[in-house]
Amino acid sequence: MNITPIQAWIEAARPKTLPASLSPVLVGSALAYRDGAFDMVPAVICLMVALLSQIASNFANDYFDYKKGADKEDRLGPERAVASGWIVPKTMLIATFITLGLACLCGLLLLFYGGWVLLPVGIAIAVCVLAYSAGPFPLAYNGLGDICVLLFYGIVPVVFTYFVQAGSITLLTLILSVAMGLLSVNILIVNNYRDYFQDKEVNKRTTIVLFGRRFGRWFYLFNGVVPILLVIPLIMQSAAWIVALFGIFFVMFYQTWRELCSLEGKALNVTLAYTGRNVLLFALCLTALLLF
C-alpha cells in the first residue's frame, strides 16, 4: 500500500477511534450548559487535551507494539505506520513526545480555570499515555487496558470538563462519566477480540486473552446495556423524540454487537468503526437529553 507522508500520519492517528476523546468532552460541556456554567474557552481546551492525548497514545502504541513484536505481517487491524515502513521508528517516538507535550501545554492552561488540583490529573494522563504500551509493566499487556479506557475516556474527561467550567462535581456527572467510559471500552474490546490469537502468541494479556472471546462478546453487550440503564431515569422525563433517539442508538448498538458475534478477522475493522460511531451517537443523545 503506497501512501503519502500526510496520509501516513493520519492513519497513525487512527481517526476512527477519536470519537472516544471527543464524546466525553461533549457530554461534560453539555452538563455544564445544563447547570448554567458553560464556558467555551476551557471546553475547547479540554477537547484539545483529550484529542492530543489520544493521538499521542495512538502514536506510542504504534511505536511500542512494533518494538515488542506485536505488529507482524499477519496483523488483522488497520495497518500500523511503523510496522508498514511508512514512518521510521525514531520519528514516531519523537512525534509521540511532541504530541504529548502539546497536550500537557494545553493542560497547563486549564490550571487557570480549575486550579492546582488538576496537576496530578494531568500527570496521570501523561504517564498512562506512555505506560499503556511501554515500560516494564505495560498496562495493555497486563489486562489493565479496559480500566485505563474507563478512566481516561470516560470518568476523567467528563468529570474534569465539567469541573473546570462549574467548579464542582455532581453525582449526575459521575454517572454519565461511567456510562461514557463503558461504551468507550467497547472500542478496545473489538480490537482485542479481533487480535485474540495474535495477542496470545506474543503474550499480550488483554482481558480477552485472559478470559476468552465468549467473555468478550458478553462484555461488549454489558458495556452497551448498562449505560442505557444508568440514564433511564432521565430518559423517562424527556420528550418523545429524545426517547426515539435513544431507541435508534440501541438498535444500532445491537446490530454492531451482532456483527461482533458473527464476523472474524479484518471484517471486524468495520465493527470497530461502528463502535466508535456508537460512542459518538450516545454522546449526542445525552447532549440532546441534557440541553432539551
# chains A, B, ... in the order shown; residues from 1 in each chain; ligands from 1
>>> residues_around(residues="Phe160 (chain A)", least_positions_apart="2", cutoff="12 Å", atoms="only C-alpha atoms", output="count of residues only")
46
>>> select_by_dssp(residues="region 43-90 of chain A", states="helix (DSSP H, G or I)", output="list of chain:residue names")
A:Ala43, A:Val44, A:Ile45, A:Cys46, A:Leu47, A:Met48, A:Val49, A:Ala50, A:Leu51, A:Leu52, A:Ser53, A:Gln54, A:Ile55, A:Ala56, A:Ser57, A:Asn58, A:Phe59, A:Ala60, A:Asn61, A:Asp62, A:Tyr63, A:Phe64, A:Asp65, A:Tyr66, A:Lys67, A:Pro89, A:Lys90
>>> closest_residue(among="A:Cys285, A:Ile10, A:Cys128, A:Ala60", to="Lys90 (chain A)", atoms="only C-alpha atoms")
A:Ala60
>>> closest_residue(among="A:Asn58, A:Ser53, A:Val88, A:Gln198", to="Ile123 (chain A)", atoms="only C-alpha atoms")
A:Ser53
>>> residues_around(residues="Pro78 (chain A)", least_positions_apart="4", cutoff="10 Å", atoms="only C-alpha atoms", output="PyMOL selection string")
chain A and resi 11-12+14+191+266+269
>>> atom_distance(atom1="CA of Asp35 (chain A)", atom2="CA of Ala20 (chain A)")
23.8 Å
>>> closest_residue(among="A:Val231, A:Ala131, A:Val159, A:Leu289", to="Leu144 (chain A)", atoms="only C-alpha atoms")
A:Ala131
>>> atom_distance(atom1="CA of Lys200 (chain A)", atom2="CA of Asn186 (chain A)")
19.3 Å
>>> residues_around(residues="Thr287 (chain A)", least_positions_apart="3", cutoff="7 Å", atoms="only C-alpha atoms", output="PDB file with N, CA and C atoms, in the first residue's frame")
ATOM      1  N   VAL A  27     -20.121  15.625  26.407  1.00  0.00           N
ATOM      2  CA  VAL A  27     -21.077  15.358  27.486  1.00  0.00           C
ATOM      3  C   VAL A  27     -20.789  16.243  28.698  1.00  0.00           C
ATOM      4  N   ALA A  30     -22.026  19.672  27.918  1.00  0.00           N
ATOM      5  CA  ALA A  30     -23.494  19.729  27.941  1.00  0.00           C
ATOM      6  C   ALA A  30     -24.018  19.776  29.378  1.00  0.00           C
ATOM      7  N   ALA A 283     -23.197   9.980  22.933  1.00  0.00           N
ATOM      8  CA  ALA A 283     -22.861  11.309  23.456  1.00  0.00           C
ATOM      9  C   ALA A 283     -23.811  12.365  22.907  1.00  0.00           C
ATOM     10  N   LEU A 284     -24.157  12.264  21.637  1.00  0.00           N
ATOM     11  CA  LEU A 284     -25.096  13.216  21.035  1.00  0.00           C
ATOM     12  C   LEU A 284     -26.489  13.056  21.634  1.00  0.00           C
ATOM     13  N   LEU A 290     -29.730  16.474  27.764  1.00  0.00           N
ATOM     14  CA  LEU A 290     -29.336  17.479  28.759  1.00  0.00           C
ATOM     15  C   LEU A 290     -29.727  18.896  28.364  1.00  0.00           C
ATOM     16  N   LEU A 291     -29.721  19.169  27.075  1.00  0.00           N
ATOM     17  CA  LEU A 291     -29.989  20.540  26.616  1.00  0.00           C
ATOM     18  C   LEU A 291     -31.470  20.811  26.387  1.00  0.00           C
TER      19      LEU A 291
END
>>> closest_atom_pairs(of="region 126-186 of chain A", to="region 214-219 of chain A", cutoff="12 Å", atoms="only C-alpha atoms", output="CSV")
residue,atom,partner,partner_atom,distance
A:Asp146,CA,A:Phe219,CA,10.7
A:Leu182,CA,A:Phe219,CA,9.7
A:Leu183,CA,A:Phe219,CA,10.6
A:Val185,CA,A:Phe219,CA,9.4
A:Asn186,CA,A:Phe219,CA,8.2
>>> write_last_selection(atoms="C-alpha atoms", output="PDB file, in the first residue's frame")
ATOM      1  CA  ASP A 146     -10.028  -1.705  29.911  1.00  0.00           C
ATOM      2  CA  LEU A 182     -18.094   1.767  29.442  1.00  0.00           C
ATOM      3  CA  LEU A 183     -19.057   2.468  25.846  1.00  0.00           C
ATOM      4  CA  VAL A 185     -14.168   0.311  26.470  1.00  0.00           C
ATOM      5  CA  ASN A 186     -16.011  -1.424  23.629  1.00  0.00           C
TER       6      ASN A 186
END
>>> residues_around(residues="Asn142 (chain A)", least_positions_apart="6", cutoff="9 Å", atoms="only C-alpha atoms", output="number ranges by chain")
A: 204-207
>>> write_last_selection(atoms="N, CA, C and O atoms", output="PDB file, in the first residue's frame")
ATOM      1  N   LYS A 204       0.488 -10.954  24.988  1.00  0.00           N
ATOM      2  CA  LYS A 204      -0.194  -9.709  25.336  1.00  0.00           C
ATOM      3  C   LYS A 204      -1.477 -10.099  26.051  1.00  0.00           C
ATOM      4  O   LYS A 204      -2.466 -10.488  25.430  1.00  0.00           O
ATOM      5  N   ARG A 205      -1.483  -9.968  27.375  1.00  0.00           N
ATOM      6  CA  ARG A 205      -2.561 -10.500  28.190  1.00  0.00           C
ATOM      7  C   ARG A 205      -3.704  -9.488  28.329  1.00  0.00           C
ATOM      8  O   ARG A 205      -3.903  -8.895  29.395  1.00  0.00           O
ATOM      9  N   THR A 206      -4.458  -9.335  27.254  1.00  0.00           N
ATOM     10  CA  THR A 206      -5.654  -8.495  27.315  1.00  0.00           C
ATOM     11  C   THR A 206      -6.748  -9.260  28.066  1.00  0.00           C
ATOM     12  O   THR A 206      -6.617 -10.461  28.338  1.00  0.00           O
ATOM     13  N   THR A 207      -7.828  -8.577  28.414  1.00  0.00           N
ATOM     14  CA  THR A 207      -8.920  -9.274  29.103  1.00  0.00           C
ATOM     15  C   THR A 207      -9.511 -10.372  28.222  1.00  0.00           C
ATOM     16  O   THR A 207      -9.976 -11.399  28.744  1.00  0.00           O
TER      17      THR A 207
END
>>> residues_around(residues="Leu130 (chain A)", least_positions_apart="5", cutoff="12 Å", atoms="only C-alpha atoms", output="CSV table (one decimal) with N, CA and C atoms, in the first residue's frame")
chain,number,residue,atom,x,y,z
A,53,SER,N,-4.0,13.9,23.6
A,53,SER,CA,-3.6,12.8,24.4
A,53,SER,C,-3.9,11.5,23.7
A,54,GLN,N,-5.0,11.4,23.1
A,54,GLN,CA,-5.3,10.1,22.4
A,54,GLN,C,-4.4,9.9,21.2
A,55,ILE,N,-4.2,10.9,20.4
A,55,ILE,CA,-3.3,10.8,19.3
A,55,ILE,C,-1.9,10.4,19.8
A,56,ALA,N,-1.4,11.0,20.8
A,56,ALA,CA,-0.1,10.6,21.4
A,56,ALA,C,-0.1,9.2,21.8
A,57,SER,N,-1.2,8.7,22.4
A,57,SER,CA,-1.3,7.3,22.8
A,57,SER,C,-1.3,6.4,21.6
A,58,ASN,N,-2.0,6.8,20.5
A,58,ASN,CA,-2.0,6.0,19.3
A,58,ASN,C,-0.6,5.9,18.7
A,59,PHE,N,0.1,7.1,18.7
A,59,PHE,CA,1.5,7.1,18.2
A,59,PHE,C,2.4,6.2,19.0
A,60,ALA,N,2.2,6.3,20.4
A,60,ALA,CA,3.0,5.4,21.3
A,60,ALA,C,2.7,3.9,21.1
A,61,ASN,N,1.4,3.6,20.9
A,61,ASN,CA,1.1,2.2,20.6
A,61,ASN,C,1.7,1.7,19.3
A,62,ASP,N,1.7,2.6,18.3
A,62,ASP,CA,2.3,2.2,17.0
A,62,ASP,C,3.7,1.9,17.2
A,63,TYR,N,4.4,2.7,17.9
A,63,TYR,CA,5.9,2.5,18.1
A,63,TYR,C,6.2,1.3,19.0
A,64,PHE,N,5.6,1.3,20.2
A,64,PHE,CA,6.0,0.3,21.2
A,64,PHE,C,5.5,-1.1,20.8
A,65,ASP,N,4.3,-1.2,20.2
A,65,ASP,CA,3.9,-2.5,19.7
A,65,ASP,C,4.8,-3.1,18.6
A,93,LEU,N,8.6,8.0,17.6
A,93,LEU,CA,8.8,8.2,19.0
A,93,LEU,C,8.9,9.7,19.3
A,96,THR,N,5.5,11.2,19.2
A,96,THR,CA,4.7,10.8,20.4
A,96,THR,C,5.0,11.9,21.5
A,97,PHE,N,6.3,12.2,21.7
A,97,PHE,CA,6.6,13.1,22.8
A,97,PHE,C,6.2,14.6,22.4
A,99,THR,N,3.6,15.4,20.5
A,99,THR,CA,2.1,15.5,20.7
A,99,THR,C,1.7,15.4,22.1
A,100,LEU,N,2.4,14.6,22.9
A,100,LEU,CA,2.1,14.6,24.4
A,100,LEU,C,2.5,15.9,25.0
A,123,ILE,N,-0.8,14.8,35.2
A,123,ILE,CA,0.4,13.9,35.3
A,123,ILE,C,0.0,12.4,35.1
A,124,ALA,N,-1.1,12.1,35.7
A,124,ALA,CA,-1.6,10.7,35.5
A,124,ALA,C,-2.0,10.4,34.0
A,125,ILE,N,-2.6,11.4,33.3
A,125,ILE,CA,-2.9,11.2,31.9
A,125,ILE,C,-1.6,11.0,31.1
A,135,GLY,N,7.3,0.6,28.9
A,135,GLY,CA,7.8,0.4,30.3
A,135,GLY,C,7.8,-1.1,30.7
A,136,PRO,N,8.3,-1.4,31.9
A,136,PRO,CA,8.5,-2.7,32.4
A,136,PRO,C,7.1,-3.5,32.7
A,137,PHE,N,6.1,-2.7,32.8
A,137,PHE,CA,4.7,-3.3,33.1
A,137,PHE,C,3.7,-2.6,32.3
A,138,PRO,N,3.7,-2.8,30.9
A,138,PRO,CA,2.8,-2.1,30.1
A,138,PRO,C,1.3,-2.5,30.4
A,139,LEU,N,0.5,-1.5,30.6
A,139,LEU,CA,-0.9,-1.8,31.1
A,139,LEU,C,-1.7,-2.6,30.1
A,140,ALA,N,-1.5,-2.3,28.8
A,140,ALA,CA,-2.3,-3.0,27.8
A,140,ALA,C,-1.9,-4.5,27.7
A,148,CYS,N,-8.0,1.5,32.1
A,148,CYS,CA,-7.5,2.7,31.6
A,148,CYS,C,-8.5,3.5,30.7
>>> closest_residue(among="A:Lys68, A:Ala103, A:Leu176, A:Val190", to="Ser133 (chain A)", atoms="only C-alpha atoms")
A:Lys68
>>> residues_around(residues="Arg213 (chain A)", least_positions_apart="5", cutoff="10 Å", atoms="only C-alpha atoms", output="PDB file with all heavy atoms, in the first residue's frame")
ATOM      1  N   ILE A 189     -12.389  -3.494  23.218  1.00  0.00           N
ATOM      2  CA  ILE A 189     -12.835  -4.892  23.153  1.00  0.00           C
ATOM      3  C   ILE A 189     -12.812  -5.407  21.724  1.00  0.00           C
ATOM      4  O   ILE A 189     -12.364  -6.535  21.456  1.00  0.00           O
ATOM      5  CB  ILE A 189     -14.244  -5.039  23.758  1.00  0.00           C
ATOM      6  CG1 ILE A 189     -14.183  -4.850  25.282  1.00  0.00           C
ATOM      7  CG2 ILE A 189     -14.835  -6.421  23.437  1.00  0.00           C
ATOM      8  CD1 ILE A 189     -15.542  -4.842  25.945  1.00  0.00           C
ATOM      9  N   ASN A 192      -9.213  -6.079  20.722  1.00  0.00           N
ATOM     10  CA  ASN A 192      -8.645  -7.251  21.384  1.00  0.00           C
ATOM     11  C   ASN A 192      -9.342  -8.544  20.979  1.00  0.00           C
ATOM     12  O   ASN A 192      -8.705  -9.606  20.923  1.00  0.00           O
ATOM     13  CB  ASN A 192      -8.716  -7.071  22.908  1.00  0.00           C
ATOM     14  CG  ASN A 192      -7.834  -5.929  23.388  1.00  0.00           C
ATOM     15  OD1 ASN A 192      -6.926  -5.497  22.691  1.00  0.00           O
ATOM     16  ND2 ASN A 192      -8.099  -5.435  24.573  1.00  0.00           N
ATOM     17  N   TYR A 193     -10.628  -8.452  20.694  1.00  0.00           N
ATOM     18  CA  TYR A 193     -11.378  -9.628  20.216  1.00  0.00           C
ATOM     19  C   TYR A 193     -10.850 -10.050  18.844  1.00  0.00           C
ATOM     20  O   TYR A 193     -10.612 -11.238  18.608  1.00  0.00           O
ATOM     21  CB  TYR A 193     -12.856  -9.272  20.137  1.00  0.00           C
ATOM     22  CG  TYR A 193     -13.770 -10.409  19.736  1.00  0.00           C
ATOM     23  CD1 TYR A 193     -14.323 -11.239  20.705  1.00  0.00           C
ATOM     24  CD2 TYR A 193     -14.101 -10.639  18.406  1.00  0.00           C
ATOM     25  CE1 TYR A 193     -15.174 -12.281  20.346  1.00  0.00           C
ATOM     26  CE2 TYR A 193     -14.937 -11.672  18.036  1.00  0.00           C
ATOM     27  CZ  TYR A 193     -15.477 -12.490  19.008  1.00  0.00           C
ATOM     28  OH  TYR A 193     -16.305 -13.515  18.645  1.00  0.00           O
ATOM     29  N   ARG A 194     -10.661  -9.084  17.981  1.00  0.00           N
ATOM     30  CA  ARG A 194     -10.134  -9.356  16.635  1.00  0.00           C
ATOM     31  C   ARG A 194      -8.729  -9.949  16.698  1.00  0.00           C
ATOM     32  O   ARG A 194      -8.387 -10.872  15.952  1.00  0.00           O
ATOM     33  CB  ARG A 194     -10.114  -8.055  15.835  1.00  0.00           C
ATOM     34  CG  ARG A 194      -9.589  -8.157  14.409  1.00  0.00           C
ATOM     35  CD  ARG A 194      -9.202  -6.772  13.905  1.00  0.00           C
ATOM     36  NE  ARG A 194      -8.160  -6.202  14.736  1.00  0.00           N
ATOM     37  CZ  ARG A 194      -8.040  -4.883  15.007  1.00  0.00           C
ATOM     38  NH1 ARG A 194      -8.908  -4.027  14.520  1.00  0.00           N
ATOM     39  NH2 ARG A 194      -7.045  -4.462  15.777  1.00  0.00           N
ATOM     40  N   TYR A 196      -7.222 -11.625  19.092  1.00  0.00           N
ATOM     41  CA  TYR A 196      -7.077 -12.612  20.172  1.00  0.00           C
ATOM     42  C   TYR A 196      -5.907 -13.562  19.942  1.00  0.00           C
ATOM     43  O   TYR A 196      -5.048 -13.737  20.816  1.00  0.00           O
ATOM     44  CB  TYR A 196      -8.386 -13.393  20.316  1.00  0.00           C
ATOM     45  CG  TYR A 196      -8.295 -14.597  21.228  1.00  0.00           C
ATOM     46  CD1 TYR A 196      -8.298 -14.438  22.608  1.00  0.00           C
ATOM     47  CD2 TYR A 196      -8.203 -15.889  20.701  1.00  0.00           C
ATOM     48  CE1 TYR A 196      -8.226 -15.543  23.455  1.00  0.00           C
ATOM     49  CE2 TYR A 196      -8.126 -16.988  21.531  1.00  0.00           C
ATOM     50  CZ  TYR A 196      -8.131 -16.813  22.902  1.00  0.00           C
ATOM     51  OH  TYR A 196      -8.043 -17.905  23.721  1.00  0.00           O
ATOM     52  N   THR A 207      -7.828  -8.577  28.414  1.00  0.00           N
ATOM     53  CA  THR A 207      -8.920  -9.274  29.103  1.00  0.00           C
ATOM     54  C   THR A 207      -9.511 -10.372  28.222  1.00  0.00           C
ATOM     55  O   THR A 207      -9.976 -11.399  28.744  1.00  0.00           O
ATOM     56  CB  THR A 207     -10.040  -8.294  29.498  1.00  0.00           C
ATOM     57  OG1 THR A 207     -10.427  -7.530  28.359  1.00  0.00           O
ATOM     58  CG2 THR A 207      -9.587  -7.370  30.603  1.00  0.00           C
ATOM     59  N   ILE A 208      -9.460 -10.188  26.905  1.00  0.00           N
ATOM     60  CA  ILE A 208      -9.989 -11.216  26.002  1.00  0.00           C
ATOM     61  C   ILE A 208      -9.080 -12.434  26.012  1.00  0.00           C
ATOM     62  O   ILE A 208      -9.557 -13.579  26.001  1.00  0.00           O
ATOM     63  CB  ILE A 208     -10.146 -10.667  24.570  1.00  0.00           C
ATOM     64  CG1 ILE A 208     -10.923  -9.350  24.576  1.00  0.00           C
ATOM     65  CG2 ILE A 208     -10.852 -11.691  23.682  1.00  0.00           C
ATOM     66  CD1 ILE A 208     -12.297  -9.427  25.174  1.00  0.00           C
ATOM     67  N   TRP A 218     -19.912 -11.005  25.585  1.00  0.00           N
ATOM     68  CA  TRP A 218     -20.857 -10.589  26.631  1.00  0.00           C
ATOM     69  C   TRP A 218     -20.414  -9.302  27.309  1.00  0.00           C
ATOM     70  O   TRP A 218     -21.255  -8.509  27.739  1.00  0.00           O
ATOM     71  CB  TRP A 218     -21.026 -11.710  27.654  1.00  0.00           C
ATOM     72  CG  TRP A 218     -21.790 -12.868  27.089  1.00  0.00           C
ATOM     73  CD1 TRP A 218     -21.306 -14.104  26.786  1.00  0.00           C
ATOM     74  CD2 TRP A 218     -23.171 -12.878  26.714  1.00  0.00           C
ATOM     75  NE1 TRP A 218     -22.299 -14.893  26.256  1.00  0.00           N
ATOM     76  CE2 TRP A 218     -23.456 -14.164  26.197  1.00  0.00           C
ATOM     77  CE3 TRP A 218     -24.197 -11.932  26.757  1.00  0.00           C
ATOM     78  CZ2 TRP A 218     -24.714 -14.529  25.740  1.00  0.00           C
ATOM     79  CZ3 TRP A 218     -25.456 -12.289  26.307  1.00  0.00           C
ATOM     80  CH2 TRP A 218     -25.709 -13.570  25.796  1.00  0.00           C
ATOM     81  N   PHE A 219     -19.124  -9.088  27.419  1.00  0.00           N
ATOM     82  CA  PHE A 219     -18.584  -7.854  27.994  1.00  0.00           C
ATOM     83  C   PHE A 219     -18.993  -6.659  27.127  1.00  0.00           C
ATOM     84  O   PHE A 219     -19.374  -5.598  27.638  1.00  0.00           O
ATOM     85  CB  PHE A 219     -17.061  -7.972  28.088  1.00  0.00           C
ATOM     86  CG  PHE A 219     -16.392  -6.912  28.920  1.00  0.00           C
ATOM     87  CD1 PHE A 219     -17.074  -6.212  29.909  1.00  0.00           C
ATOM     88  CD2 PHE A 219     -15.044  -6.623  28.724  1.00  0.00           C
ATOM     89  CE1 PHE A 219     -16.435  -5.244  30.673  1.00  0.00           C
ATOM     90  CE2 PHE A 219     -14.407  -5.662  29.482  1.00  0.00           C
ATOM     91  CZ  PHE A 219     -15.105  -4.963  30.454  1.00  0.00           C
ATOM     92  N   CYS A 261     -20.338 -10.721  17.093  1.00  0.00           N
ATOM     93  CA  CYS A 261     -20.565 -12.138  17.351  1.00  0.00           C
ATOM     94  C   CYS A 261     -20.427 -13.006  16.106  1.00  0.00           C
ATOM     95  O   CYS A 261     -20.194 -14.224  16.220  1.00  0.00           O
ATOM     96  CB  CYS A 261     -21.953 -12.354  17.957  1.00  0.00           C
ATOM     97  SG  CYS A 261     -22.173 -11.595  19.583  1.00  0.00           S
TER      98      CYS A 261
END
